[in-house]
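Peer 1: The structure is given below, and queries will be raised subsequently.
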Amino acid sequence: MTQEERLIELRAELAEVKNAISAIHGGAQEYRIGSRSVKRPDLGRLYDERTRLEAEIRSLEEGGGIFRVVYFEGR
């Protein structure tokens, strides 16, 4: 899978998670994502998954690595 394909997949997953959060905020007691069912008490998990997906997307958009270039000025 290429980086661009992974980004498309992650963005689609993020959209599903955001839709589930919106549905629960709108009063839904249960929401389905694929074969998984999310109930109101699992809202925290949805927030965690949203944060994870956003971080992974950001990482891929910024180069995909765990290392960053940092410049320090002299003493």
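In the structure tokens, chains take the letters A, B, ... in the order shown, each chain's residues start at 1, and ligands count up from 1 in the order shown.
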Among chain A, which residues carry a DSSP assignment of helix (DSSP H, G or I), reported as a PyMOL selection string?

Peer 2: chain A and resi 3-25+40-61

Peer 1: Write out as a PDB file with all heavy atoms, in the first residue's frame which residues come within 7 Å of stretch 42-59 of chain A when counting only C-alpha atoms, dropping same-chain ones fewer than 6 positions away.

Peer 2:
ATOM      1  N   LEU A   7      -3.178   7.209   3.330  1.00  0.00           N
ATOM      2  CA  LEU A   7      -3.819   8.461   3.732  1.00  0.00           C
ATOM      3  C   LEU A   7      -5.298   8.464   3.385  1.00  0.00           C
ATOM      4  O   LEU A   7      -6.129   8.890   4.189  1.00  0.00           O
ATOM      5  CB  LEU A   7      -3.125   9.657   3.068  1.00  0.00           C
ATOM      6  CG  LEU A   7      -1.882  10.176   3.761  1.00  0.00           C
ATOM      7  CD1 LEU A   7      -1.163  11.195   2.879  1.00  0.00           C
ATOM      8  CD2 LEU A   7      -2.215  10.783   5.105  1.00  0.00           C
ATOM      9  N   LEU A  10      -7.038   6.185   5.891  1.00  0.00           N
ATOM     10  CA  LEU A  10      -7.117   6.802   7.216  1.00  0.00           C
ATOM     11  C   LEU A  10      -8.147   7.925   7.252  1.00  0.00           C
ATOM     12  O   LEU A  10      -8.887   8.065   8.223  1.00  0.00           O
ATOM     13  CB  LEU A  10      -5.747   7.338   7.636  1.00  0.00           C
ATOM     14  CG  LEU A  10      -4.690   6.294   7.976  1.00  0.00           C
ATOM     15  CD1 LEU A  10      -3.320   6.949   8.132  1.00  0.00           C
ATOM     16  CD2 LEU A  10      -5.071   5.532   9.232  1.00  0.00           C
ATOM     17  N   LEU A  14     -11.380   8.159   9.593  1.00  0.00           N
ATOM     18  CA  LEU A  14     -11.597   9.339  10.428  1.00  0.00           C
ATOM     19  C   LEU A  14     -12.992   9.919  10.191  1.00  0.00           C
ATOM     20  O   LEU A  14     -13.685  10.298  11.137  1.00  0.00           O
ATOM     21  CB  LEU A  14     -10.521  10.397  10.151  1.00  0.00           C
ATOM     22  CG  LEU A  14     -10.603  11.684  10.949  1.00  0.00           C
ATOM     23  CD1 LEU A  14     -10.523  11.418  12.453  1.00  0.00           C
ATOM     24  CD2 LEU A  14      -9.490  12.640  10.523  1.00  0.00           C
ATOM     25  N   VAL A  17     -15.494   7.779  12.045  1.00  0.00           N
ATOM     26  CA  VAL A  17     -15.440   8.017  13.488  1.00  0.00           C
ATOM     27  C   VAL A  17     -16.123   9.345  13.825  1.00  0.00           C
ATOM     28  O   VAL A  17     -16.902   9.436  14.782  1.00  0.00           O
ATOM     29  CB  VAL A  17     -13.980   7.988  13.996  1.00  0.00           C
ATOM     30  CG1 VAL A  17     -13.875   8.506  15.421  1.00  0.00           C
ATOM     31  CG2 VAL A  17     -13.425   6.577  13.903  1.00  0.00           C
ATOM     32  N   ILE A  21     -19.386   9.945  16.244  1.00  0.00           N
ATOM     33  CA  ILE A  21     -19.395  10.905  17.358  1.00  0.00           C
ATOM     34  C   ILE A  21     -20.578  11.857  17.207  1.00  0.00           C
ATOM     35  O   ILE A  21     -21.312  12.107  18.166  1.00  0.00           O
ATOM     36  CB  ILE A  21     -18.058  11.668  17.434  1.00  0.00           C
ATOM     37  CG1 ILE A  21     -16.936  10.726  17.885  1.00  0.00           C
ATOM     38  CG2 ILE A  21     -18.171  12.863  18.390  1.00  0.00           C
ATOM     39  CD1 ILE A  21     -15.535  11.316  17.780  1.00  0.00           C
ATOM     40  N   GLY A  65       7.925   9.771   9.265  1.00  0.00           N
ATOM     41  CA  GLY A  65       8.891   9.204  10.193  1.00  0.00           C
ATOM     42  C   GLY A  65       8.661   9.657  11.620  1.00  0.00           C
ATOM     43  O   GLY A  65       7.869  10.548  11.889  1.00  0.00           O
TER      44      GLY A  65
END

Peer 1: Determine which residues of chain A receive a DSSP assignment of strand (DSSP E or B), computed from the backbone, and state them as a ChimeraX atom specification.

Peer 2: /A:30-33,36-39

Peer 1: What's around stretch 29-39 of chain A at 7 Å? Count only C-alpha atoms, leave out sequence neighbours fewer than 4 positions away in its own chain, and write the answer as a PyMOL selection string.

Peer 2: chain A and resi 16+20+24

Peer 1: Atom CA of A:Leu60 and atom CA of A:Ala12 are how many Å apart?

Peer 2: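 So the answer is 14.8 Å.
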